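Printed here is input-v1.cif (mmCIF, C-alpha atoms):
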data_coords
#
loop_
_atom_site.label_atom_id
_atom_site.label_comp_id
_atom_site.auth_asym_id
_atom_site.auth_seq_id
_atom_site.Cartn_x
_atom_site.Cartn_y
_atom_site.Cartn_z
CA MET A 1 -78.31 -1.93 8.14
CA GLU A 2 -77.59 -2.32 11.80
CA PHE A 3 -74.25 -3.73 13.02
CA ASP A 4 -74.59 -7.17 14.60
CA PRO A 5 -72.43 -7.44 17.77
CA SER A 6 -72.35 -11.20 17.40
CA TRP A 7 -69.76 -10.83 14.61
CA LEU A 8 -67.33 -9.51 17.18
CA LEU A 9 -67.72 -12.68 19.17
CA ILE A 10 -66.74 -14.70 16.08
CA GLY A 11 -64.13 -12.34 14.55
CA LEU A 12 -62.00 -11.63 17.61
CA PRO A 13 -61.17 -15.27 18.43
CA LEU A 14 -60.40 -15.91 14.73
CA ALA A 15 -58.03 -12.89 14.60
CA PHE A 16 -56.29 -14.13 17.73
CA VAL A 17 -55.84 -17.63 16.28
CA PHE A 18 -54.45 -16.32 12.98
CA GLY A 19 -52.06 -13.97 14.82
CA TRP A 20 -50.83 -16.81 17.01
CA PHE A 21 -50.15 -19.05 13.97
CA ALA A 22 -48.35 -16.20 12.20
CA SER A 23 -46.11 -15.51 15.21
CA ARG A 24 -45.27 -19.21 15.51
CA LEU A 25 -44.28 -19.34 11.85
CA ASP A 26 -42.07 -16.25 12.24
CA GLN A 27 -40.39 -17.65 15.34
CA ARG A 28 -39.81 -20.97 13.60
CA GLN A 29 -38.21 -19.17 10.63
CA LEU A 30 -36.03 -17.03 12.89
CA ARG A 31 -34.85 -20.09 14.81
CA ALA A 32 -34.01 -21.86 11.56
CA ASP A 33 -32.05 -18.86 10.27
CA SER A 34 -30.21 -18.41 13.54
CA ARG A 35 -29.29 -22.09 13.58
CA ARG A 36 -27.91 -21.90 10.05
CA ALA A 37 -25.90 -18.67 10.56
CA PRO A 38 -24.07 -19.66 13.78
CA LYS A 39 -23.36 -23.11 12.38
CA ALA A 40 -21.62 -21.64 9.33
CA TYR A 41 -19.90 -19.01 11.47
CA PHE A 42 -18.47 -21.50 13.95
CA LYS A 43 -17.49 -23.81 11.13
CA GLY A 44 -15.50 -20.94 9.55
CA LEU A 45 -13.94 -20.10 12.91
CA ASN A 46 -12.86 -23.71 13.36
CA TYR A 47 -11.26 -23.75 9.90
CA LEU A 48 -9.52 -20.47 10.67
CA LEU A 49 -8.03 -21.81 13.91
CA ASN A 50 -6.76 -24.82 11.98
CA GLU A 51 -5.20 -22.47 9.37
CA GLN A 52 -7.49 -23.80 6.64
CA GLN A 53 -8.17 -20.42 5.07
CA ASP A 54 -9.87 -21.65 1.88
CA GLN A 55 -12.48 -23.63 3.82
CA ALA A 56 -12.90 -20.73 6.28
CA ILE A 57 -13.64 -18.35 3.40
CA ASP A 58 -16.30 -20.72 2.02
CA ALA A 59 -17.91 -21.03 5.46
CA PHE A 60 -17.97 -17.27 6.02
CA ILE A 61 -19.44 -16.68 2.56
CA GLU A 62 -22.24 -19.09 3.47
CA ALA A 63 -22.78 -17.26 6.76
CA VAL A 64 -22.90 -13.89 4.99
CA GLN A 65 -25.47 -15.24 2.50
CA ASN A 66 -27.66 -16.43 5.39
CA ASP A 67 -27.34 -13.12 7.21
CA PRO A 68 -26.25 -10.37 4.78
CA GLU A 69 -26.73 -7.62 7.38
CA THR A 70 -24.02 -8.92 9.74
CA THR A 71 -21.10 -6.50 9.48
CA GLU A 72 -18.68 -8.55 11.58
CA LEU A 73 -18.85 -11.42 9.11
CA HIS A 74 -18.04 -9.00 6.29
CA PHE A 75 -15.02 -7.69 8.19
CA ALA A 76 -13.80 -11.23 8.87
CA LEU A 77 -14.26 -12.14 5.22
CA GLY A 78 -12.44 -9.03 3.99
CA ASN A 79 -9.49 -9.68 6.29
CA LEU A 80 -9.29 -13.28 5.11
CA PHE A 81 -9.30 -12.26 1.46
CA ARG A 82 -6.49 -9.78 2.14
CA ARG A 83 -4.40 -12.36 3.98
CA ARG A 84 -4.89 -14.76 1.09
CA GLY A 85 -3.70 -12.12 -1.37
CA GLU A 86 -7.13 -11.88 -3.03
CA TYR A 87 -7.12 -8.10 -2.88
CA ASN A 88 -9.86 -7.53 -5.47
CA ARG A 89 -12.32 -9.57 -3.43
CA ALA A 90 -11.25 -7.83 -0.22
CA VAL A 91 -11.80 -4.44 -1.87
CA ARG A 92 -15.30 -5.48 -3.00
CA VAL A 93 -16.23 -6.56 0.53
CA HIS A 94 -15.11 -3.29 2.11
CA GLU A 95 -16.62 -1.17 -0.66
CA HIS A 96 -19.93 -3.01 -0.16
CA LEU A 97 -19.81 -2.15 3.55
CA LEU A 98 -19.10 1.51 2.80
CA SER A 99 -22.05 1.67 0.39
CA ARG A 100 -24.51 0.72 3.13
CA ASP A 101 -26.58 3.56 4.53
CA ASP A 102 -27.30 1.76 7.81
CA LEU A 103 -23.59 1.36 8.74
CA SER A 104 -22.58 2.99 12.02
CA ARG A 105 -19.81 5.57 12.09
CA THR A 106 -17.46 3.18 13.91
CA ASP A 107 -18.00 0.41 11.37
CA ARG A 108 -17.66 2.87 8.49
CA GLU A 109 -14.24 3.95 9.81
CA ARG A 110 -13.23 0.29 10.18
CA ALA A 111 -14.31 -0.42 6.63
CA GLN A 112 -12.38 2.62 5.35
CA HIS A 113 -9.28 1.42 7.18
CA GLY A 114 -9.72 -2.08 5.77
CA LEU A 115 -10.06 -0.67 2.25
CA ALA A 116 -6.87 1.37 2.68
CA LEU A 117 -4.98 -1.75 3.78
CA ASP A 118 -6.33 -3.65 0.76
CA TYR A 119 -4.98 -1.01 -1.62
CA LEU A 120 -1.68 -0.81 0.27
CA LYS A 121 -1.11 -4.57 0.18
CA ALA A 122 -2.07 -4.66 -3.50
CA GLY A 123 0.54 -2.00 -4.29
CA LEU A 124 -2.06 0.51 -5.51
CA LEU A 125 -0.33 3.38 -3.74
CA ASP A 126 -2.37 6.23 -5.27
CA ARG A 127 -5.65 4.68 -4.14
CA ALA A 128 -4.13 3.73 -0.78
CA GLU A 129 -3.01 7.32 -0.24
CA ASP A 130 -6.51 8.65 -0.92
CA ALA A 131 -8.10 6.04 1.36
CA LEU A 132 -5.62 6.72 4.15
CA ARG A 133 -6.19 10.48 4.00
CA ARG A 134 -9.90 9.86 4.63
CA LEU A 135 -8.95 8.44 8.06
CA GLU A 136 -7.84 11.84 9.43
CA GLY A 137 -9.64 12.55 12.69
CA THR A 138 -10.56 8.89 13.27
CA PRO A 139 -9.18 6.36 15.78
CA PHE A 140 -7.10 4.99 12.86
CA GLU A 141 -5.35 8.32 12.27
CA THR A 142 -1.96 7.30 13.71
CA GLN A 143 -1.88 4.03 11.76
CA ALA A 144 -2.93 5.85 8.60
CA ARG A 145 -0.20 8.46 8.96
CA LEU A 146 2.46 5.79 9.51
CA ALA A 147 1.25 4.04 6.36
CA LEU A 148 1.42 7.33 4.46
CA LEU A 149 5.00 7.78 5.66
CA THR A 150 5.81 4.35 4.22
CA ILE A 151 4.26 5.29 0.87
CA TYR A 152 6.14 8.59 0.63
CA GLU A 153 9.44 6.98 1.65
CA ARG A 154 9.04 4.29 -1.00
CA SER A 155 8.37 6.90 -3.65
CA HIS A 156 11.15 9.20 -2.30
CA ASP A 157 8.66 12.03 -1.84
CA TRP A 158 10.62 13.51 1.05
CA THR A 159 8.64 16.76 1.18
CA GLN A 160 5.34 14.98 1.77
CA ALA A 161 6.99 12.57 4.20
CA SER A 162 8.35 15.52 6.17
CA THR A 163 4.88 17.11 6.31
CA ILE A 164 3.29 13.94 7.71
CA ALA A 165 6.12 13.44 10.21
CA GLN A 166 5.72 17.02 11.43
CA ARG A 167 1.98 16.50 11.93
CA MET A 168 2.65 13.39 14.00
CA GLN A 169 5.31 15.24 16.00
CA ASP A 170 2.88 18.10 16.70
CA ALA A 171 0.14 15.63 17.68
CA HIS A 172 2.52 13.87 20.12
CA GLN A 173 2.21 10.63 18.17
CA GLY A 174 5.93 9.90 18.54
CA ASP A 175 9.35 11.50 18.21
CA PHE A 176 10.14 11.92 14.52
CA SER A 177 13.05 14.35 14.83
CA GLN A 178 15.69 11.85 13.62
CA ARG A 179 13.50 10.76 10.73
CA GLN A 180 12.93 14.40 9.82
CA ALA A 181 16.70 14.86 9.78
CA HIS A 182 17.01 11.90 7.38
CA TYR A 183 14.43 13.45 5.07
CA LEU A 184 16.39 16.73 5.02
CA CYS A 185 19.62 14.81 4.29
CA GLU A 186 17.94 12.98 1.41
CA GLN A 187 16.80 16.30 -0.04
CA ALA A 188 20.31 17.71 0.44
CA GLN A 189 21.77 14.79 -1.53
CA LEU A 190 19.41 15.55 -4.40
CA ARG A 191 20.35 19.24 -4.35
CA ARG A 192 24.04 18.36 -4.27
CA ALA A 193 23.64 15.98 -7.20
CA HIS A 194 22.10 18.83 -9.21
CA GLY A 195 24.95 21.16 -8.30
CA ASP A 196 22.96 23.36 -5.89
CA ILE A 197 25.58 23.37 -3.12
CA ALA A 198 24.10 26.35 -1.25
CA ALA A 199 20.70 24.67 -0.92
CA ALA A 200 22.36 21.43 0.20
CA ARG A 201 24.25 23.29 2.94
CA THR A 202 21.05 24.95 4.13
CA LEU A 203 19.20 21.64 4.32
CA LEU A 204 22.05 19.95 6.19
CA GLY A 205 22.12 22.84 8.66
CA GLN A 206 18.39 22.37 9.25
CA ALA A 207 18.96 18.63 9.75
CA ILE A 208 21.62 19.29 12.41
CA ALA A 209 19.30 21.73 14.19
CA THR A 210 16.40 19.24 14.00
CA ALA A 211 18.35 16.31 15.49
CA PRO A 212 21.63 17.51 17.04
CA GLY A 213 22.55 14.04 18.25
CA ALA A 214 22.06 12.33 14.88
CA PRO A 215 25.36 11.74 13.05
CA ARG A 216 24.26 11.62 9.42
CA ALA A 217 23.86 15.35 8.77
CA ARG A 218 27.35 16.17 10.05
CA LEU A 219 28.85 13.32 8.03
CA GLU A 220 27.15 14.57 4.87
CA LEU A 221 28.22 18.14 5.60
CA ALA A 222 31.85 17.07 6.14
CA ARG A 223 31.86 15.20 2.82
CA LEU A 224 30.50 18.30 1.11
CA GLN A 225 33.11 20.51 2.75
CA LEU A 226 35.93 18.14 1.73
CA GLN A 227 34.63 18.11 -1.82
CA GLN A 228 34.71 21.91 -1.84
CA GLY A 229 38.27 21.99 -0.45
CA GLU A 230 37.18 23.33 2.94
CA HIS A 231 39.36 20.93 4.92
CA GLU A 232 39.51 22.89 8.18
CA ASP A 233 35.73 23.31 8.25
CA ALA A 234 35.32 19.61 7.52
CA LEU A 235 37.65 18.69 10.39
CA ARG A 236 35.73 21.01 12.71
CA THR A 237 32.44 19.41 11.67
CA LEU A 238 33.82 15.91 12.29
CA THR A 239 35.20 16.91 15.68
CA GLU A 240 31.72 18.16 16.62
CA LEU A 241 30.33 14.80 15.46
CA ALA A 242 32.77 12.99 17.78
CA ARG A 243 31.35 14.97 20.70
CA ALA A 244 27.67 14.80 19.71
CA ALA A 245 27.55 11.15 18.55
CA PRO A 246 30.71 9.30 19.70
CA THR A 247 29.29 5.88 18.81
CA ALA A 248 29.19 6.94 15.14
CA LEU A 249 32.88 7.88 15.04
CA PRO A 250 33.86 4.67 13.15
CA LEU A 251 31.79 5.98 10.21
CA ALA A 252 33.71 9.27 10.28
CA ALA A 253 37.22 7.89 10.88
CA GLY A 254 38.19 7.72 7.20
CA LEU A 255 36.99 11.28 6.58
CA MET A 256 38.94 12.49 9.63
CA VAL A 257 42.14 11.01 8.19
CA GLU A 258 41.54 12.80 4.88
CA ALA A 259 40.82 16.13 6.60
CA ALA A 260 43.76 15.77 9.03
CA ASN A 261 46.24 15.04 6.26
CA ALA A 262 45.03 18.06 4.31
CA CYS A 263 45.29 20.35 7.35
CA HIS A 264 48.48 18.77 8.74
CA GLU A 265 46.63 17.96 11.96
CA GLN A 266 47.61 14.29 12.13
CA ALA A 267 48.82 14.45 15.73
CA SER A 268 45.68 16.04 17.22
CA VAL A 269 43.31 13.83 15.25
CA ALA A 270 45.32 10.72 16.14
CA ALA A 271 45.06 11.67 19.82
CA LEU A 272 41.28 12.07 19.51
CA LEU A 273 40.91 8.71 17.76
CA GLN A 274 43.17 6.93 20.25
CA ALA A 275 41.11 8.29 23.16
CA HIS A 276 37.97 6.94 21.51
CA TYR A 277 39.68 3.64 20.72
CA ARG A 278 40.59 3.15 24.39
CA ASP A 279 36.92 3.57 25.32
CA GLN A 280 35.54 1.42 22.50
CA VAL A 281 37.61 -0.81 20.24
CA SER A 282 36.75 -0.37 16.56
CA LEU A 283 38.29 -1.74 13.37
CA ASP A 284 37.62 1.45 11.43
CA VAL A 285 39.12 3.65 14.14
CA LEU A 286 42.13 1.33 14.33
CA ASP A 287 42.67 1.63 10.57
CA ALA A 288 42.43 5.42 10.84
CA ILE A 289 45.03 5.51 13.64
CA VAL A 290 47.43 3.37 11.61
CA ALA A 291 46.86 5.51 8.50
CA LEU A 292 47.66 8.72 10.43
CA GLN A 293 50.82 7.21 11.92
CA GLN A 294 51.95 6.02 8.50
CA ALA A 295 51.54 9.57 7.19
CA ALA A 296 53.60 11.00 10.05
CA LYS A 297 56.41 8.37 10.28
CA PRO A 298 59.23 7.72 7.83
CA THR A 299 59.12 4.57 5.67
CA GLY A 300 59.92 1.49 7.72
CA GLN A 301 58.84 2.89 11.07
CA ASP A 302 55.24 3.09 9.86
CA THR A 303 55.23 -0.66 9.20
CA VAL A 304 56.53 -1.39 12.69
CA GLN A 305 53.89 0.87 14.23
CA ALA A 306 51.09 -0.73 12.20
CA GLN A 307 52.21 -4.22 13.20
CA SER A 308 52.26 -3.13 16.83
CA TRP A 309 48.71 -1.78 16.74
CA TYR A 310 47.31 -4.82 14.94
CA ALA A 311 49.20 -7.23 17.19
CA ASP A 312 47.85 -5.46 20.28
CA TYR A 313 44.31 -5.84 18.93
CA LEU A 314 44.87 -9.56 18.34
CA ASN A 315 46.10 -9.96 21.91
CA HIS A 316 42.70 -8.83 23.16
CA GLU A 317 40.31 -9.95 20.39
CA PRO A 318 40.64 -12.82 17.89
CA SER A 319 39.98 -11.27 14.51
CA LEU A 320 40.47 -12.69 11.05
CA VAL A 321 40.17 -9.20 9.58
CA VAL A 322 42.95 -7.80 11.76
CA ALA A 323 45.09 -10.89 11.18
CA ALA A 324 44.90 -10.22 7.44
CA LYS A 325 45.87 -6.57 8.01
CA TRP A 326 48.79 -7.59 10.24
CA LEU A 327 49.98 -10.05 7.62
CA ALA A 328 49.94 -7.30 4.99
CA HIS A 329 52.70 -5.52 6.97
CA GLU A 330 54.65 -8.67 7.85
CA THR A 331 57.54 -10.13 5.88
CA LEU A 332 57.42 -13.93 5.70
CA SER A 333 60.44 -16.18 5.37
CA HIS A 334 58.90 -17.53 2.17
CA GLU A 335 58.00 -14.26 0.48
CA GLU A 336 56.85 -15.98 -2.70
CA ARG A 337 53.90 -17.45 -0.78
CA HIS A 338 52.91 -14.19 0.84
CA PRO A 339 50.54 -12.93 -1.95
CA ALA A 340 48.63 -16.21 -2.11
CA ILE A 341 48.19 -16.36 1.67
CA GLN A 342 47.18 -12.71 1.74
CA ARG A 343 44.53 -13.22 -0.95
CA ALA A 344 43.12 -16.23 0.88
CA LEU A 345 42.85 -14.32 4.14
CA ASP A 346 41.34 -11.26 2.48
CA GLN A 347 38.73 -13.43 0.78
CA ALA A 348 37.85 -15.20 4.05
CA ALA A 349 37.68 -11.93 5.98
CA LYS A 350 35.59 -10.03 3.43
CA PRO A 351 32.15 -11.16 4.75
CA LEU A 352 33.20 -10.09 8.26
CA THR A 353 33.68 -6.48 7.15
CA ARG A 354 30.02 -6.06 6.21
CA TYR A 355 27.37 -4.13 8.11
CA ARG A 356 24.27 -5.98 9.34
CA CYS A 357 20.77 -4.59 9.86
CA ALA A 358 19.67 -5.10 13.46
CA ALA A 359 16.01 -5.31 12.39
CA CYS A 360 16.08 -7.88 9.57
CA GLY A 361 19.70 -9.09 9.35
CA PHE A 362 20.30 -7.74 5.83
CA GLU A 363 24.07 -7.45 5.26
CA ALA A 364 25.83 -4.94 3.03
CA LEU A 365 29.38 -3.87 2.28
CA GLN A 366 28.47 -0.22 2.93
CA HIS A 367 26.65 1.45 5.81
CA PHE A 368 23.02 2.39 5.12
CA TRP A 369 20.90 4.86 7.05
CA GLN A 370 17.74 3.14 5.78
CA CYS A 371 17.85 -0.63 5.36
CA PRO A 372 17.29 -1.69 1.72
CA GLY A 373 15.66 -4.88 3.00
CA CYS A 374 13.11 -3.85 5.64
CA GLN A 375 13.16 -0.04 5.11
CA SER A 376 13.96 0.60 8.81
CA TRP A 377 15.81 3.79 9.67
CA ASP A 378 19.05 3.77 11.73
CA SER A 379 18.97 -0.04 12.02
CA TYR A 380 22.62 -0.49 10.95
CA PRO A 381 25.06 -0.23 13.87
CA PRO A 382 28.26 1.67 12.95
CA ARG A 383 30.27 -1.51 13.55
CA ARG A 384 31.29 -4.37 11.30
CA VAL A 385 29.81 -7.87 11.54
CA GLU A 386 32.95 -9.20 13.23
CA GLU A 387 32.63 -6.60 15.99
CA LEU A 388 29.02 -7.36 16.89
#
Now, as a test, write the supplied structure out as structure tokens.
Amino acid sequence: MEFDPSWLLIGLPLAFVFGWFASRLDQRQLRADSRRAPKAYFKGLNYLLNEQQDQAIDAFIEAVQNDPETTELHFALGNLFRRRGEYNRAVRVHEHLLSRDDLSRTDRERAQHGLALDYLKAGLLDRAEDALRRLEGTPFETQARLALLTIYERSHDWTQASTIAQRMQDAHQGDFSQRQAHYLCEQAQLRRAHGDIAAARTLLGQAIATAPGAPRARLELARLQLQQGEHEDALRTLTELARAAPTALPLAAGLMVEAANACHEQASVAALLQAHYRDQVSLDVLDAIVALQQAAKPTGQDTVQAQSWYADYLNHEPSLVVAAKWLAHETLSHEERHPAIQRALDQAAKPLTRYRCAACGFEALQHFWQCPGCQSWDSYPPRRVEEL
């Protein structure tokens, strides 16, 4: 049977017509989908700007359903779930992204970072640690290592924290020498608590070498030396601290008094403290000076000297704390009222003797190297609230 060319004249126009109708239908469908997706997206964005997170989540879910391949909508949705505290849903969104084979490397790293934050915010520290370690060698490496430091500090895993800090130091991602010294001091405290004094000394020596200008290691070493009866060594360590970190001397003043009394070096230590006091007035240094003079003077003269020092302070600075200390050495005409007045002043002055975190404002009666409130290191100035 011979082929009839006339069929070509009929078939080609029909094929063209059918193709044209099919393309029109596809374009119409695409336009409809694109109209629905941006409408839901912009609706969610509007809700987000108005801080209506519940409505924004609903709008973004609708947008994702209309266009399930859009990764940016998934990221927006995951972040919203995490901010709302719905960590399980945030985890599902980021795990869904990571399961996709068509995801680019950049988006895969973003999804991994988002998943790590989900676990971290949810308090699932083991899973967060694993997710954060997968970010090594990515643009999120620095953020991941800082988060790992937070995890190890919370769990008091000082060895792991030291390892991460050293990696960041080597990679020039910041100066972590002072934090490394804190980690060594924390380990030294643990060793000391278990009776391993030699190991504690070694760790404190490493801390001093790591951060020579940081005061904590020398303070801890001086306490250890005093506990072991090594008063001269303790005084030498504290004198080195006064040279290396003079602003931290108020924290060491009480220890210096103890060491000076044991070594009969009251005069030399008093001279050192007075020189520091002239440069920077401090309540703790003032108390140490008075304590040393009381140890060196006969009864009666020590009271006069103490009154003189406290009165001189009050001439320059109004202080309820110092006023209470001055009153403790003063004899009133109505002595029967003295204890009641003293108790009232001591009670009123007590909040002023606290230390305050410069990062979050958390106040405490004792000085902390790491704030119990915000976990910041070295955020407590070595000065009382009244002196700030």
Item to check | Within 7 Å of range 144-146 of chain A using only C-alpha atoms, minus same-chain residues under 3 positions, as an NGL selection string | outcome: :A and (132 or 135 or 140-141 or 149-150 or 164)
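With CA of Asp126 in chain A on one side and CA of Leu203 in chain A on the other, the separation reads 28.2 Å.
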Checklist entry - When the PyMOL selection byres ((chain A and resi 79) around 12) is applied to the file above, which residues end up in the set, as a PyMOL selection string? => result chain A and resi 48+53+56-57+60+72-78+80-94+110-111+113-118+121
Next on the checklist: From (28.0, 14.7, -3.1), in the file's coordinates, out to 10 Å: which residues are reached, counting only C-alpha atoms? Answer as a list in words.
Outcome noted: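 The requested residues, written out, are Ala188, Gln189, Leu190, Arg191, Arg192, Ala193, His194, Gly195, Ile197, Ala200, Glu220, Leu221, Arg223, Leu224, Gln225, Leu226, Gln227 and Gln228 of chain A.
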Next on the checklist: Rounded to one decimal, what separation in Å do you get between CA of Met168 in chain A and CA of Gln143 in chain A?
Outcome noted: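 Here the two named atoms are 10.6 Å from each other.
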Checklist entry - What is the distance, in Å and to one decimal place, between CA of Tyr313 in chain A and CA of Ser282 in chain A? => result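 Separation of CA of Tyr313 in chain A and CA of Ser282 in chain A: 9.6 Å.
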Shell around Ser177 in chain A at 10 Å using all atoms listed in the file, local window under 2 positions removed, as an mmCIF file with C-alpha atoms, in the frame of the given file:
data_model
loop_
_atom_site.group_PDB
_atom_site.id
_atom_site.type_symbol
_atom_site.label_atom_id
_atom_site.label_comp_id
_atom_site.auth_asym_id
_atom_site.auth_seq_id
_atom_site.Cartn_x
_atom_site.Cartn_y
_atom_site.Cartn_z
ATOM 1 C CA SER A 162 8.350 15.520 6.170
ATOM 2 C CA ALA A 165 6.120 13.440 10.210
ATOM 3 C CA GLN A 166 5.720 17.020 11.430
ATOM 4 C CA GLN A 169 5.310 15.240 16.000
ATOM 5 C CA GLY A 174 5.930 9.900 18.540
ATOM 6 C CA ASP A 175 9.350 11.500 18.210
ATOM 7 C CA ARG A 179 13.500 10.760 10.730
ATOM 8 C CA GLN A 180 12.930 14.400 9.820
ATOM 9 C CA ALA A 181 16.700 14.860 9.780
ATOM 10 C CA HIS A 182 17.010 11.900 7.380
ATOM 11 C CA TYR A 183 14.430 13.450 5.070
ATOM 12 C CA ALA A 207 18.960 18.630 9.750
ATOM 13 C CA ALA A 209 19.300 21.730 14.190
ATOM 14 C CA THR A 210 16.400 19.240 14.000
ATOM 15 C CA ALA A 211 18.350 16.310 15.490
ATOM 16 C CA PRO A 212 21.630 17.510 17.040
ATOM 17 C CA ALA A 214 22.060 12.330 14.880
#
Next on the checklist: For a quick check of your reading of the model, name the residues lying within 12 Å of the coordinate (34.0, 14.2, 17.2), counting all atoms listed in the file, and write them as number ranges by chain.
Outcome noted: A: 213, 215, 218-219, 222, 234-253, 255-256, 268-273, 275-276
Checklist entry - Which is closest to Phe362 in chain A among A:Ser155, A:Gln375, A:Gln293, A:Glu109, if we use only C-alpha atoms? => result A:Gln375
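Nearest residue to Ala295 in chain A, choosing from A:Ala262, A:Leu365, A:Ala311, A:Trp326 and counting only C-alpha atoms: A:Ala262.
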